[in-house]
There are 2 protein chains.
Amino acid sequence: MILRIAMIGFGNVGQEFARLLLAKRDWLLRTKGLDAEVLAIATKTKGSLISKRALDLDKCLRLIKEDGSLSAYGPETTTLSPKQIIGECDADLMIELSPLNIKTGQPAIDHIKAALESGMDVITANKGPIAFAYSDLIRLARSKGVHFRFEGTVMDGTPVFNLVEKTLPGCEILGLSGILNSTSNFVLAEMASGKSMEDAIKIAQKRGFAEADPSLDIEGWDAAAKITALANVMMDARANPKLVDRQGIGGVSQLDIEKAARQRKKVKLIASAVRTGDCVKLSVKPEIIGTDDPFWSVDGTSSALTIKTDLMGDITIVERDHLVTQTAYAVFSDLLLVLESIRSGTIR
Amino acid sequence: MILRIAMIGFGNVGQEFARLLLAKRDWLLRTKGLDAEVLAIATKTKGSLISKRALDLDKCLRLIKEDGSLSAYGPETTTLSPKQIIGECDADLMIELSPLNIKTGQPAIDHIKAALESGMDVITANKGPIAFAYSDLIRLARSKGVHFRFEGTVMDGTPVFNLVEKTLPGCEILGLSGILNSTSNFVLAEMASGKSMEDAIKIAQKRGFAEADPSLDIEGWDAAAKITALANVMMDARANPKLVDRQGIGGVSQLDIEKAARQRKKVKLIASAVRTGDCVKLSVKPEIIGTDDPFWSVDGTSSALTIKTDLMGDITIVERDHLVTQTAYAVFSDLLLVLESIRSGTIR
């Protein structure tokens with residue numbers, strides 16, 4: 001079986017996914033009988049490609065590394081926009097990894113809508129669409145009979161959406177709480193070891209996981225988008241990040257952290273979703289936790305989610321030390337789940 | 001669709017599963033189109049039933065509660081052995097929940113073999129068969145084209161086997177480590193708060209999770225069986241619990257725990273599986289852990305497992321405070337996965 005892919009976005013995660021696809025090409029063919037071909041790559045600033053035949057991913061990765069651009073690839077180079085590329089390419093599946101505006105979810109939402117409308121399966125690691133437009137997008141996917149998967153949007157490749165969908169059948173999700181933003185969690189831990197917030201942010205930027213403008217992390221927007229995405233999918237919250245009672249770590253002082261430490265406590269940025277009647281209440285705020293809290297040892301760039309269920313009690317899943325390879329794996333694992341579902345003739 | 005079930009064993013987990021089946025009967029019919037009927041219940045000391053038509057589970061539960069026995073049920077009462085019941089009843093699926101000999105895996109292994117031979121799907125929450133005979137049993141199930149599921153054997157209903165099978169496709173499991181025995185973990189935590197081992201065991205017995213003879217827990221047999229089961233399934237270890245380098249908490253003194261506490265450390269019983277070349281090395285032993293360990297806050301009757309993977313790094317999953325309802329849920333979730341697989345025409 002050949003699965004033809006269009007990639008929208010070719011940044012760190014996209015490139016890492018391409019490397020993973022190359023590394024697993026033989027394994028996919030041998031164990032799954034799958035030949036995954038990339039027919040198009042669309043980027044905003046690094047050039048775009050569209051082709052009737054499989055693109056040479058090795059060449060794409062080399063060009064990006066050497067030139068910072070795909071423009072010298074050959075006649076496959078195009079000036080079409082991502083939406084035009086989605087419309088014109090012959091792909092069966094679109095992978096959305098474009099840069100995100102976390103306050104609107106665009107342009108990823110439009111890309112996904114266009115792909116679903118064209119009858120493509122869609123995989124994204126972009127949290128915006130799930131936080132802002134999940135119910136519309138899943139309804140559209142279902143009406144078209146195609147797959148829409150998004151494991152990489154929260155906690156990278158650590159299974160959270162797939163955990164609930166695939167391994168907790170029949171469970172109702174009563175509530176969620178988590179440490180979902182690596183930068184905030186890292187900064188709080190560094191502050192606890194005596195550094196200033198400014199210095200901690202600089203270290204996070206140097207290590208490559210905090211943005212040049214860290215305000216979306218520090219003000220809690222990233223965590224808000226993630227808890228909204230989780231609650232939309234798992235609790236039918238129909239919310240968006242602007243509805244989250246949001247307080248970032250900007251107001252946490254060295255003094256607050258020292259005071260907590262003296263009582264053997266830590267300050268953590270906790271995102272949570274609680275069902276109250278027909279509503280789901282979402283919040284992001286700094287909280288003081290003790291040594292018996294499941295999140296106590298979730299430090300550095302680790303993240304964690306506790307899922308409260310009716311039949312299975314509380315389950316906590318923890319990701320140790322985020323790596324970009326893990327988000328690429330999320331896309332890869334979704335690809336395998338789409339493949340399995342196509343094979344068995346079922347649709348999510 | 002009607003799924004006809006034979007239950008071997010009707011202790012705490014079996015009864016709780018029957019209650020869950022009753023509570024979810026309407027939901028199963030409405031959302032899954034499934035009518036699950038129990039045609040036989042076999043017990044060692046509480047009587048057995050076999051019938052051509054669905055047994056009245058309410059009546060079974062009432063009889064067990066009032067008489068401690070199923071004998072007064074009616075003409076469905078039988079003196080057939082569990083194996084004879086498996087051979088003679090018309091069930092499609094056998095649920096194995098009989099009392100376990102943790103040093104042999106019997107009689108559960110024989111029950112499961114008999115059911116698989118007869119072409120039944122099998123679900124068990126009995127760790128013995130997975131620890132002692134997994135490779136034989138899964139080979140038999142595959143040759144017969146039937147399902148064999150066992151989520152409830154380790155960490156109750158917390159998805160561990162299903163987590164790896166369903167949500168980590170393509171990942172190789174490089175190693176495992178976990179807190180898998182509730183009694184040992186509880187006793188160590190109570191000792192840290194000043195109690196003697198004897199008193200801590202008595203409390204655990206009073207609360208109902210430690211056996212009258214706690215030696216299998218304290219000597220590490222239970223944890224050894226669980227890490228073997230995990231490694232057999234996830235790492236193709238082909239081991240059995242007797243091959244585990246096993247050291248229980250019997251030799252841990254109050255002094256050891258106090259010494260650790262003075263250094264802000266804890267003593268935990270850690271079970272682990274490590275691949276070394278072609279072998280998988282299994283061990284169970286008390287270890288000293290620090291505040292940054294993912295298992296630091298896994299106290300009381302909670303349990304946890306860290307799964308080391310090639311593509312997704314380390315994932316830790318934690319179950320808070322074990323309940324018997326969770327093991328019953330494991331059986332229920334496996335039932336739903338079998339149903340889904342029958343529907344889609346795929347076999348594990």
# chains A, B, ... in the order shown; residues from 1 in each chain; ligands from 1
>>> residues_around(residues="Arg264 in chain B", least_positions_apart="4", cutoff="8 Å", atoms="only C-alpha atoms", output="CSV table (one decimal) with N, CA and C atoms, in the first residue's frame")
chain,number,residue,atom,x,y,z
B,260,ALA,N,17.9,6.6,55.5
B,260,ALA,CA,17.6,7.1,54.2
B,260,ALA,C,16.8,8.4,54.4
B,290,GLY,N,15.9,9.2,45.5
B,290,GLY,CA,15.9,10.6,46.0
B,290,GLY,C,14.6,11.4,45.6
B,291,THR,N,14.5,12.6,45.9
B,291,THR,CA,13.3,13.4,45.7
B,291,THR,C,13.1,13.7,44.2
>>> interface_residues(of="chain B", to="chain A", cutoff="7 Å", atoms="only C-alpha atoms", output="CSV table (one decimal) with all heavy atoms, in the first residue's frame")
chain,number,residue,atom,x,y,z
B,157,GLY,N,-6.3,-2.0,36.5
B,157,GLY,CA,-6.8,-1.6,35.2
B,157,GLY,C,-6.0,-0.5,34.5
B,157,GLY,O,-6.3,-0.1,33.4
B,158,THR,N,-5.0,0.0,35.2
B,158,THR,CA,-4.2,1.0,34.6
B,158,THR,C,-3.6,0.5,33.3
B,158,THR,O,-2.9,-0.6,33.3
B,158,THR,CB,-3.0,1.4,35.5
B,158,THR,OG1,-3.6,1.8,36.8
B,158,THR,CG2,-2.2,2.6,35.0
B,159,PRO,N,-3.8,1.1,32.2
B,159,PRO,CA,-3.3,0.6,30.9
B,159,PRO,C,-1.7,0.5,30.9
B,159,PRO,O,-1.1,1.5,31.0
B,159,PRO,CB,-3.8,1.5,29.9
B,159,PRO,CG,-4.3,2.7,30.6
B,159,PRO,CD,-4.5,2.4,32.0
B,162,ASN,N,-1.9,-2.6,27.3
B,162,ASN,CA,-2.6,-1.9,26.2
B,162,ASN,C,-2.0,-0.6,25.8
B,162,ASN,O,-2.0,-0.2,24.6
B,162,ASN,CB,-4.1,-1.7,26.6
B,162,ASN,CG,-4.8,-3.0,26.8
B,162,ASN,OD1,-4.4,-4.0,26.2
B,162,ASN,ND2,-5.9,-3.0,27.5
B,163,LEU,N,-1.4,0.1,26.7
B,163,LEU,CA,-0.6,1.3,26.5
B,163,LEU,C,0.5,1.1,25.4
B,163,LEU,O,0.6,1.8,24.4
B,163,LEU,CB,0.0,1.9,27.7
B,163,LEU,CG,0.9,3.1,27.6
B,163,LEU,CD1,0.0,4.4,27.6
B,163,LEU,CD2,1.8,3.2,28.8
B,166,LYS,N,-1.3,-0.4,22.0
B,166,LYS,CA,-2.2,0.4,21.3
B,166,LYS,C,-1.7,1.8,21.0
B,166,LYS,O,-2.2,2.5,20.0
B,166,LYS,CB,-3.6,0.5,22.0
B,166,LYS,CG,-4.3,-0.8,22.2
B,166,LYS,CD,-5.0,-1.2,21.0
B,166,LYS,CE,-5.7,-2.5,21.2
B,166,LYS,NZ,-6.2,-3.0,19.9
B,167,THR,N,-0.8,2.3,21.8
B,167,THR,CA,-0.5,3.8,21.7
B,167,THR,C,1.0,4.0,21.4
B,167,THR,O,1.4,5.1,21.2
B,167,THR,CB,-0.9,4.6,22.9
B,167,THR,OG1,0.0,4.3,24.0
B,167,THR,CG2,-2.3,4.3,23.4
B,168,LEU,N,1.8,3.0,21.4
B,168,LEU,CA,3.3,3.2,21.2
B,168,LEU,C,3.7,2.3,20.0
B,168,LEU,O,4.7,1.6,20.0
B,168,LEU,CB,4.1,2.8,22.4
B,168,LEU,CG,3.9,3.7,23.6
B,168,LEU,CD1,4.7,3.2,24.8
B,168,LEU,CD2,4.3,5.2,23.3
B,169,PRO,N,2.9,2.3,18.9
B,169,PRO,CA,3.3,1.5,17.7
B,169,PRO,C,4.7,1.8,17.2
B,169,PRO,O,5.0,3.0,17.1
B,169,PRO,CB,2.2,1.8,16.7
B,169,PRO,CG,1.8,3.2,17.0
B,169,PRO,CD,1.8,3.3,18.5
B,291,THR,N,14.5,12.6,45.9
B,291,THR,CA,13.3,13.4,45.7
B,291,THR,C,13.1,13.7,44.2
B,291,THR,O,12.0,14.0,43.8
B,291,THR,CB,13.4,14.8,46.4
B,291,THR,OG1,14.5,15.5,45.9
B,291,THR,CG2,13.4,14.7,47.9
B,292,ASP,N,14.1,13.5,43.4
B,292,ASP,CA,13.9,13.8,42.0
B,292,ASP,C,13.5,12.5,41.2
B,292,ASP,O,13.4,12.5,40.0
B,292,ASP,CB,15.2,14.4,41.4
B,292,ASP,CG,16.4,13.4,41.5
B,292,ASP,OD1,16.3,12.5,42.4
B,292,ASP,OD2,17.4,13.6,40.9
B,293,ASP,N,13.4,11.4,41.9
B,293,ASP,CA,13.0,10.1,41.3
B,293,ASP,C,11.5,10.2,40.9
B,293,ASP,O,10.7,10.6,41.7
B,293,ASP,CB,13.3,9.0,42.2
B,293,ASP,CG,13.2,7.6,41.5
B,293,ASP,OD1,12.1,7.2,41.2
B,293,ASP,OD2,14.3,7.1,41.2
B,294,PRO,N,11.2,9.7,39.7
B,294,PRO,CA,9.7,9.7,39.3
B,294,PRO,C,8.9,8.9,40.3
B,294,PRO,O,7.7,9.1,40.4
B,294,PRO,CB,9.7,9.0,38.0
B,294,PRO,CG,11.1,8.5,37.7
B,294,PRO,CD,12.0,9.2,38.6
B,296,TRP,N,9.2,9.0,43.6
B,296,TRP,CA,9.3,9.6,44.9
B,296,TRP,C,7.9,9.7,45.6
B,296,TRP,O,7.7,9.3,46.7
B,296,TRP,CB,9.9,11.0,44.8
B,296,TRP,CG,9.8,11.7,46.1
B,296,TRP,CD1,8.9,12.6,46.5
B,296,TRP,CD2,10.7,11.6,47.2
B,296,TRP,NE1,9.2,13.1,47.8
B,296,TRP,CE2,10.3,12.4,48.3
B,296,TRP,CE3,11.9,10.8,47.5
B,296,TRP,CZ2,10.9,12.5,49.5
B,296,TRP,CZ3,12.5,10.9,48.7
B,296,TRP,CH2,12.1,11.8,49.7
B,297,SER,N,6.9,10.2,44.8
B,297,SER,CA,5.6,10.4,45.4
B,297,SER,C,4.6,9.2,45.3
B,297,SER,O,3.4,9.3,45.5
B,297,SER,CB,5.0,11.7,44.9
B,297,SER,OG,4.9,11.7,43.5
B,311,LEU,N,12.0,5.3,20.6
B,311,LEU,CA,11.6,6.5,19.9
B,311,LEU,C,10.9,7.6,20.8
B,311,LEU,O,10.8,8.7,20.4
B,311,LEU,CB,10.6,6.1,18.8
B,311,LEU,CG,11.1,5.1,17.7
B,311,LEU,CD1,9.9,4.8,16.8
B,311,LEU,CD2,12.3,5.7,17.0
B,312,MET,N,10.4,7.2,21.9
B,312,MET,CA,9.6,8.1,22.8
B,312,MET,C,10.2,8.4,24.1
B,312,MET,O,9.6,9.0,25.0
B,312,MET,CB,8.2,7.5,23.0
B,312,MET,CG,7.0,8.4,22.6
B,312,MET,SD,7.3,10.2,22.9
B,312,MET,CE,7.1,10.1,24.7
B,314,ASP,N,11.5,8.1,27.9
B,314,ASP,CA,10.9,7.4,29.1
B,314,ASP,C,9.5,7.9,29.3
B,314,ASP,O,9.2,9.1,29.4
B,314,ASP,CB,11.7,7.7,30.3
B,314,ASP,CG,13.0,7.0,30.3
B,314,ASP,OD1,13.4,6.4,29.3
B,314,ASP,OD2,13.7,7.1,31.3
B,315,ILE,N,8.6,7.0,29.5
B,315,ILE,CA,7.2,7.3,29.9
B,315,ILE,C,6.9,6.7,31.3
B,315,ILE,O,7.2,5.5,31.4
B,315,ILE,CB,6.2,6.8,28.9
B,315,ILE,CG1,6.3,7.5,27.6
B,315,ILE,CG2,4.7,7.0,29.4
B,315,ILE,CD1,5.5,6.9,26.5
B,316,THR,N,6.4,7.4,32.2
B,316,THR,CA,6.0,6.8,33.5
B,316,THR,C,4.5,6.9,33.6
B,316,THR,O,3.9,7.9,33.4
B,316,THR,CB,6.6,7.5,34.7
B,316,THR,OG1,8.0,7.5,34.5
B,316,THR,CG2,6.2,6.9,36.0
B,317,ILE,N,3.8,5.8,34.0
B,317,ILE,CA,2.4,5.8,34.3
B,317,ILE,C,2.2,5.4,35.7
B,317,ILE,O,2.8,4.5,36.2
B,317,ILE,CB,1.6,4.9,33.2
B,317,ILE,CG1,0.1,5.1,33.4
B,317,ILE,CG2,2.0,3.5,33.3
B,317,ILE,CD1,-0.7,4.9,32.2
B,318,VAL,N,1.3,6.1,36.4
B,318,VAL,CA,1.1,6.0,37.8
B,318,VAL,C,-0.4,5.7,38.1
B,318,VAL,O,-1.3,6.4,37.6
B,318,VAL,CB,1.5,7.3,38.6
B,318,VAL,CG1,1.4,7.1,40.1
B,318,VAL,CG2,2.9,7.7,38.2
B,319,GLU,N,-0.6,4.7,38.9
B,319,GLU,CA,-2.0,4.4,39.4
B,319,GLU,C,-2.1,4.9,40.8
B,319,GLU,O,-1.3,4.5,41.7
B,319,GLU,CB,-2.3,2.9,39.3
B,319,GLU,CG,-3.6,2.5,40.0
B,319,GLU,CD,-3.7,1.0,40.1
B,319,GLU,OE1,-2.7,0.3,40.1
B,319,GLU,OE2,-4.9,0.6,40.3
B,320,ARG,N,-3.1,5.7,41.1
B,320,ARG,CA,-3.3,6.2,42.5
B,320,ARG,C,-4.2,5.3,43.2
B,320,ARG,O,-5.3,5.0,42.8
B,320,ARG,CB,-4.0,7.6,42.5
B,320,ARG,CG,-3.2,8.7,42.0
B,320,ARG,CD,-2.3,9.3,43.0
B,320,ARG,NE,-0.9,9.4,42.4
B,320,ARG,CZ,0.2,9.6,43.1
B,320,ARG,NH1,0.2,9.7,44.4
B,320,ARG,NH2,1.3,9.6,42.5
B,326,GLN,N,-10.9,-1.3,39.9
B,326,GLN,CA,-10.0,-1.1,38.8
B,326,GLN,C,-9.6,-2.4,38.1
B,326,GLN,O,-9.5,-2.4,36.9
B,326,GLN,CB,-8.8,-0.3,39.3
B,326,GLN,CG,-9.1,1.1,39.8
B,326,GLN,CD,-8.0,1.8,40.5
B,326,GLN,OE1,-7.1,1.1,41.0
B,326,GLN,NE2,-8.1,3.1,40.5
B,329,TYR,N,-12.5,-3.2,36.1
B,329,TYR,CA,-12.5,-2.4,34.9
B,329,TYR,C,-11.5,-2.9,33.8
B,329,TYR,O,-11.8,-2.9,32.6
B,329,TYR,CB,-12.2,-0.9,35.2
B,329,TYR,CG,-12.0,-0.2,33.9
B,329,TYR,CD1,-13.1,0.1,33.1
B,329,TYR,CD2,-10.7,0.2,33.4
B,329,TYR,CE1,-12.9,0.7,31.8
B,329,TYR,CE2,-10.5,0.8,32.2
B,329,TYR,CZ,-11.6,1.1,31.4
B,329,TYR,OH,-11.5,1.7,30.2
B,333,SER,N,-12.5,-3.4,30.1
B,333,SER,CA,-11.8,-2.7,29.0
B,333,SER,C,-11.3,-3.8,28.0
B,333,SER,O,-11.4,-3.5,26.7
B,333,SER,CB,-10.7,-1.8,29.5
B,333,SER,OG,-9.6,-2.5,29.9
B,336,LEU,N,-14.1,-4.8,25.8
B,336,LEU,CA,-14.4,-3.9,24.8
B,336,LEU,C,-13.4,-3.9,23.6
B,336,LEU,O,-13.8,-3.8,22.5
B,336,LEU,CB,-14.5,-2.5,25.4
B,336,LEU,CG,-15.7,-2.2,26.3
B,336,LEU,CD1,-15.6,-0.8,26.9
B,336,LEU,CD2,-17.0,-2.4,25.6
B,344,SER,N,-13.8,-5.3,13.7
B,344,SER,CA,-13.0,-4.8,12.6
B,344,SER,C,-12.3,-6.0,11.9
B,344,SER,O,-11.6,-5.8,10.9
B,344,SER,CB,-11.9,-3.8,13.1
B,344,SER,OG,-11.0,-4.5,13.9
B,345,GLY,N,-12.5,-7.2,12.4
B,345,GLY,CA,-11.9,-8.4,11.7
B,345,GLY,C,-10.4,-8.5,11.9
B,345,GLY,O,-9.8,-9.3,11.2
B,346,THR,N,-9.8,-7.8,12.9
B,346,THR,CA,-8.4,-8.0,13.2
B,346,THR,C,-8.2,-8.8,14.4
B,346,THR,O,-9.1,-8.9,15.3
B,346,THR,CB,-7.7,-6.6,13.4
B,346,THR,OG1,-8.4,-5.9,14.4
B,346,THR,CG2,-7.7,-5.8,12.1
>>> select_by_dssp(residues="range 39-238 of chain A", states="helix (DSSP H, G or I)", output="PyMOL selection string")
chain A and resi 57-67+71-73+82-88+108-117+127-144+151-153+161-167+182-192+197-207+215-218+221-235
>>> write_last_selection(atoms="C-alpha atoms", output="mmCIF file, in the first residue's frame")
data_model
loop_
_atom_site.group_PDB
_atom_site.id
_atom_site.type_symbol
_atom_site.label_atom_id
_atom_site.label_comp_id
_atom_site.auth_asym_id
_atom_site.auth_seq_id
_atom_site.Cartn_x
_atom_site.Cartn_y
_atom_site.Cartn_z
ATOM 1 C CA LEU A 57 13.597 13.571 1.708
ATOM 2 C CA ASP A 58 17.355 13.157 2.100
ATOM 3 C CA LYS A 59 17.829 15.906 -0.453
ATOM 4 C CA CYS A 60 15.230 18.124 1.264
ATOM 5 C CA LEU A 61 16.969 17.753 4.628
ATOM 6 C CA ARG A 62 20.362 18.449 3.060
ATOM 7 C CA LEU A 63 19.102 21.582 1.294
ATOM 8 C CA ILE A 64 17.526 22.945 4.474
ATOM 9 C CA LYS A 65 20.747 22.297 6.367
ATOM 10 C CA GLU A 66 23.021 23.795 3.722
ATOM 11 C CA ASP A 67 20.931 26.584 2.176
ATOM 12 C CA SER A 71 14.314 26.523 -3.450
ATOM 13 C CA ALA A 72 17.234 24.815 -5.205
ATOM 14 C CA TYR A 73 15.486 21.393 -5.176
ATOM 15 C CA PRO A 82 -0.003 26.036 1.406
ATOM 16 C CA LYS A 83 -3.765 26.047 0.741
ATOM 17 C CA GLN A 84 -3.171 25.890 -3.014
ATOM 18 C CA ILE A 85 -0.714 23.047 -2.520
ATOM 19 C CA ILE A 86 -3.296 21.131 -0.448
ATOM 20 C CA GLY A 87 -5.799 21.678 -3.242
ATOM 21 C CA GLU A 88 -3.512 20.661 -6.077
ATOM 22 C CA ALA A 108 -3.363 25.695 10.815
ATOM 23 C CA ILE A 109 -7.169 25.585 11.154
ATOM 24 C CA ASP A 110 -7.646 26.689 7.532
ATOM 25 C CA HIS A 111 -5.044 24.195 6.290
ATOM 26 C CA ILE A 112 -6.759 21.352 8.130
ATOM 27 C CA LYS A 113 -10.219 22.383 6.902
ATOM 28 C CA ALA A 114 -8.977 22.499 3.319
ATOM 29 C CA ALA A 115 -7.402 19.053 3.595
ATOM 30 C CA LEU A 116 -10.439 17.471 5.252
ATOM 31 C CA GLU A 117 -12.715 19.070 2.646
ATOM 32 C CA LYS A 127 -2.353 22.524 19.343
ATOM 33 C CA GLY A 128 -4.143 25.616 18.043
ATOM 34 C CA PRO A 129 -6.720 23.833 15.882
ATOM 35 C CA ILE A 130 -7.647 21.464 18.727
ATOM 36 C CA ALA A 131 -7.877 24.329 21.212
ATOM 37 C CA PHE A 132 -9.873 26.653 18.948
ATOM 38 C CA ALA A 133 -11.832 24.533 16.498
ATOM 39 C CA TYR A 134 -11.901 20.894 17.601
ATOM 40 C CA SER A 135 -15.645 20.324 17.412
ATOM 41 C CA ASP A 136 -15.904 21.825 13.904
ATOM 42 C CA LEU A 137 -12.893 19.895 12.645
ATOM 43 C CA ILE A 138 -13.871 16.504 14.038
ATOM 44 C CA ARG A 139 -17.415 16.954 12.713
ATOM 45 C CA LEU A 140 -16.003 17.770 9.270
ATOM 46 C CA ALA A 141 -13.626 14.775 9.388
ATOM 47 C CA ARG A 142 -16.485 12.452 10.326
ATOM 48 C CA SER A 143 -18.759 13.803 7.621
ATOM 49 C CA LYS A 144 -16.016 13.157 5.082
ATOM 50 C CA GLU A 151 -1.385 13.097 19.561
ATOM 51 C CA GLY A 152 1.601 15.455 19.251
ATOM 52 C CA THR A 153 -0.334 18.572 20.258
ATOM 53 C CA PHE A 161 -5.351 11.465 23.538
ATOM 54 C CA ASN A 162 -4.579 7.964 22.275
ATOM 55 C CA LEU A 163 -4.342 6.701 25.870
ATOM 56 C CA VAL A 164 -7.928 7.737 26.547
ATOM 57 C CA GLU A 165 -9.288 6.724 23.142
ATOM 58 C CA LYS A 166 -7.521 3.385 22.802
ATOM 59 C CA THR A 167 -6.979 2.068 26.329
ATOM 60 C CA SER A 182 8.058 22.956 29.813
ATOM 61 C CA THR A 183 9.444 26.480 29.898
ATOM 62 C CA SER A 184 7.430 27.534 32.962
ATOM 63 C CA ASN A 185 8.242 24.305 34.748
ATOM 64 C CA PHE A 186 11.943 24.640 33.979
ATOM 65 C CA VAL A 187 12.030 28.308 35.031
ATOM 66 C CA LEU A 188 10.300 27.562 38.356
ATOM 67 C CA ALA A 189 12.797 24.755 39.088
ATOM 68 C CA GLU A 190 15.767 26.989 38.231
ATOM 69 C CA MET A 191 14.362 29.761 40.443
ATOM 70 C CA ALA A 192 14.085 27.234 43.275
ATOM 71 C CA MET A 197 13.518 34.449 36.377
ATOM 72 C CA GLU A 198 15.418 36.376 33.704
ATOM 73 C CA ASP A 199 18.480 34.131 33.964
ATOM 74 C CA ALA A 200 16.342 30.980 33.983
ATOM 75 C CA ILE A 201 14.543 32.109 30.827
ATOM 76 C CA LYS A 202 17.888 32.806 29.148
ATOM 77 C CA ILE A 203 19.077 29.259 29.933
ATOM 78 C CA ALA A 204 15.818 27.839 28.536
ATOM 79 C CA GLN A 205 16.310 29.879 25.361
ATOM 80 C CA LYS A 206 19.912 28.725 25.046
ATOM 81 C CA ARG A 207 18.813 25.093 25.359
ATOM 82 C CA SER A 215 5.751 35.610 26.951
ATOM 83 C CA LEU A 216 3.338 32.971 25.612
ATOM 84 C CA ASP A 217 4.912 30.456 27.988
ATOM 85 C CA ILE A 218 5.381 32.784 30.946
ATOM 86 C CA TRP A 221 -0.995 30.886 27.006
ATOM 87 C CA ASP A 222 0.731 27.679 25.947
ATOM 88 C CA ALA A 223 -0.590 25.762 28.965
ATOM 89 C CA ALA A 224 -4.042 27.298 28.407
ATOM 90 C CA ALA A 225 -4.119 26.113 24.798
ATOM 91 C CA LYS A 226 -3.055 22.614 25.868
ATOM 92 C CA ILE A 227 -5.594 22.176 28.674
ATOM 93 C CA THR A 228 -8.276 23.483 26.306
ATOM 94 C CA ALA A 229 -7.261 20.972 23.646
ATOM 95 C CA LEU A 230 -7.357 18.133 26.180
ATOM 96 C CA ALA A 231 -10.724 19.201 27.600
ATOM 97 C CA ASN A 232 -12.267 19.723 24.158
ATOM 98 C CA VAL A 233 -11.387 16.188 23.102
ATOM 99 C CA MET A 234 -11.747 14.257 26.356
ATOM 100 C CA MET A 235 -14.561 16.175 28.076
#
>>> residues_around(residues="Phe10 in chain A", least_positions_apart="5", cutoff="9 Å", atoms="only C-alpha atoms", output="NGL selection string")
:A and (15-16 or 18 or 41-43 or 46 or 97-98)
>>> write_last_selection(atoms="C-alpha atoms", output="JSON list (two decimals), in the first residue's frame")
[["chain", "number", "residue", "atom", "x", "y", "z"],
["A", 15, "GLN", "CA", 12.49, 17.73, 9.59],
["A", 16, "GLU", "CA", 12.72, 15.28, 12.47],
["A", 18, "ALA", "CA", 11.29, 13.26, 7.71],
["A", 41, "ILE", "CA", 6.25, 20.19, 1.37],
["A", 42, "ALA", "CA", 4.92, 23.70, 2.03],
["A", 43, "THR", "CA", 6.75, 26.25, 4.14],
["A", 46, "LYS", "CA", 11.92, 28.17, 3.26],
["A", 97, "LEU", "CA", 3.13, 21.36, 11.34],
["A", 98, "SER", "CA", 3.04, 25.04, 10.37]]
>>> atom_distance(atom1="CA of Gly105 in chain B", atom2="CA of Phe148 in chain B")
16.1 Å
>>> select_by_dssp(residues="range 71-308 of chain B", states="strand (DSSP E or B)", output="VMD selection string")
chain B and resid 77 to 78 93 to 96 121 to 124 148 to 149 173 to 179 245 to 246 266 to 276 279 to 289 303 to 308
